[in-house]
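A.B. asks: Below: one structure in structure tokens.
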Amino acid sequence: MKRRSLLLGSLATTAGLAWLLRPREKGEDHSSYFRSLSVALDSDGRSKPTLVIDRKSLIANIEVLSSHLKGRFDYRIVAKSLPSLPLLEAVMHQTGSNRLMLFHQPFVNRVAAHLPQSDVLLGKPMPVAAARNFYRQFAGGDFNPARQLRWLLDTPERVAQYAELASGLGQDMLVCIELDVGLRRGGVGNDQQLTEMLDLISQSPRLKFSGMMGYEPHVTKVPGDPVKYRDEAMRTYKHYIELARQTLGEQWPADVLLNAGGSPTYQMYNTGDFPFNEISTGSCLVKPTDFDMASLADHRPASYIATPVLKSMDTLQIPGIDLGGLQAMWDPNRAKTFFTYGGYWKAKPESPSGLSTNPLFGRSTNQEMLNGSRNIHLRPDDWVFLRPTQSEFVFLQFGNIAVYEDGAIVERWPVFSEESA
Ligand SMILES: Cc1ncc(COP(=O)(O)O)c(C=O)c1O
């Protein structure tokens, strides 16, 4: 008898403790910022999932970026993270940079056709067939590929392929070499590979060496001291520069392009001497959630997915064995249910606060279930806001970007499409 009541007592204590540890209520209706954004979307006649860029925040982020670069490095705009011609134009205008980094052949053709003043560096080595397609689809105009387009090459085999393409087309081509400075994603990994590639480039009458790229995002991502990883990456970079200079002698270009950096690392070069002369970033200007990191604390979110609420319910129900009531009892942030127009994007609910998807109900790209607390008063046709986890690819899923400024949607920016024209 004594043992039984002791056991019951300790079970009750454990249950009581667990109850105390259950999630706290986090729900809150939209702040005045998201209320104004909702009014702006309604006034603009928006009725479907929409990608919004806040122009003031975008400009503030560009100013932060410029304040760190301080003109010490040239700036290259990473276009895959800002995949819209007017968005790129806005960043080009504000930063004074005409340098773009591109990662997709149809987008290279679009840039060549519509931003003929740009200097393009490929951010990854492309199949030689993609390069052939670029020239096949290039309709001429002010963009001069022989001087404004730099292909990125990673192996001697690829150099040989590009040399053959260039001579077959009778087309001069600028080429840059991809270095592995620690990321372990390919590129030059030893001296012999580099000298072999440089020799092949020198032997080709049509290829011209124009620089190197050493991308180093691992510096802030792997466990350990970022400064140590940065310094190791820079030692490797410097070593390959010296070797390439020696190998090329007179052929080393006076205007050599030495690219590094990305959003997570760019502020690590605020002071000190580094071997490269150009930094590329894109994501930090719109700051998706993957970039909520200490090294980008002074950048602010500038992009949201806005989507209409289709249905609003004061309970949570799960089909089959209905565990909705239990879920809601445990977590006050599951008291209510909302279904949104579309969903399952690479994105996190942002406003109203405390919304979350339901692991028992599952995800949907058609009508996504979100749960929230009793303090959230969303009704059908209201807007829910999410933050993309990344801008690359996500921005391409919504048609024209709605540009928000001073309480209104002031512009519509088309995103890149697969068609090359
Ligand atoms: C080669 C290269 N440079 C720079 C970047 C940085 O882009 P972001 O600033 O958008 O992270 C990337 C991103 O993937 C990249 O692949």
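Residue numbering restarts at 1 for every chain of the structure tokens, chains are lettered A, B, ... in their displayed order, and ligands are numbered from 1 as they appear.
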Given a cut-off of 6 Å, what residues near ligand 1 show up using only C-alpha atoms and all ligand atoms, put as a list in words?

C.D. replies: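 If we count only C-alpha atoms and all ligand atoms, the neighbours of ligand 1 turn out to be Val78, Ser81, Gly123, Tyr215, Gly261, Gly262, Ser263, Ser280, Thr281, Gly282, Ser283 and Cys284 of chain A.
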
A.B. asks: For stretch 86-93 of chain A, list every protein, DNA or RNA residue within 8 Å, evaluated using only C-alpha atoms, and leave out those in the same chain fewer than 2 positions away; present the list as a ChimeraX atom specification.

C.D. replies: /A:62,77,79,82-84,95-98,413-414

A.B. asks: Could you state the separation of atom CA of A:Lys26 and atom CA of A:Met313 in Å, given to one decimal place?

C.D. replies: 18.1 Å

A.B. asks: Please run DSSP on the backbone and report, as a ChimeraX atom specification, all residues within stretch 67-165 of chain A that come out as helix (DSSP H, G or I).

C.D. replies: /A:67-69,79-81,85-95,105-114,128-137,145-148,156-165

A.B. asks: Between A:Val52, A:Val410, A:Leu323, A:Met329, which is the closest to A:Arg22 once you count only C-alpha atoms?

C.D. replies: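 Smallest distance to A:Arg22 is found for A:Met329.
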
A.B. asks: Using only C-alpha atoms, which protein or nucleic acid residues come within 9 Å of A:Leu355? Drop anything in the same chain fewer than 2 positions from it, and give the result as a ChimeraX atom specification.

C.D. replies: /A:26-27,333-334,349-353,357,370-373,376

A.B. asks: Rounded to one decimal place, report the atom CA of A:Arg374-atom CA of A:Lys336 distance in Å.

C.D. replies: 6.4 Å

A.B. asks: Interatomic distance between atom CA of A:Asn133 and atom CA of A:Glu164?

C.D. replies: 14.6 Å

A.B. asks: Please extract the residues of stretch 176-398 of chain A with a backbone DSSP assignment of strand (DSSP E) and present them as an MDAnalysis selection string.

C.D. replies: chainID A and resid 176:178 207:214 257:260 278:281 303:313 336:341 347:351 356:357 367:372 383:388

A.B. asks: Compile the contact shell of A:Gly140 as number ranges by chain: residues with an atom at most 12 Å away, counting only C-alpha atoms, same-chain residues fewer than 5 positions apart removed.

C.D. replies: A: 109-110, 112-114, 116, 134-135, 145-146, 421

A.B. asks: Quick one: of A:Ser356, A:Asn277, A:Ser36, A:Ser202, who's nearest to A:Lys238, counting only C-alpha atoms?

C.D. replies: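 Among the listed residues, the smallest separation from A:Lys238 belongs to A:Asn277.
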
A.B. asks: Neighbouring residues of stretch 266-273 of chain A were defined as those with any atom within 12 Å, considering only C-alpha atoms; residues of the same chain fewer than 4 positions away were excluded. Please report them as a VMD selection string.

C.D. replies: chain A and resid 64 to 73 75 to 76 215 to 217 219 to 220 226 to 231 234 to 235 238 259 to 262 277 to 284 293 to 299

A.B. asks: Extract, using only C-alpha atoms, all DNA, RNA and protein residues at most 10 Å from A:Val111, discarding same-chain residues fewer than 6 positions from it, and format them as a ChimeraX atom specification.

C.D. replies: /A:79,84-85,88,100,102,105,117-120,143,416,420-421

A.B. asks: Near stretch 183-192 of chain A, counting only C-alpha atoms, which residues have an atom at most 6 Å away, once you skip same-chain residues fewer than 5 positions from it, shown as JSON, numbers by chain?

C.D. replies: {"A": [154, 178, 216, 218]}

A.B. asks: Would you please work out which residue, of A:Ser210, A:Asn366, A:Thr289, A:Ser167, is nearest to A:Thr307 when using only C-alpha atoms?

C.D. replies: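 Among the listed residues, A:Asn366 lies closest to A:Thr307.
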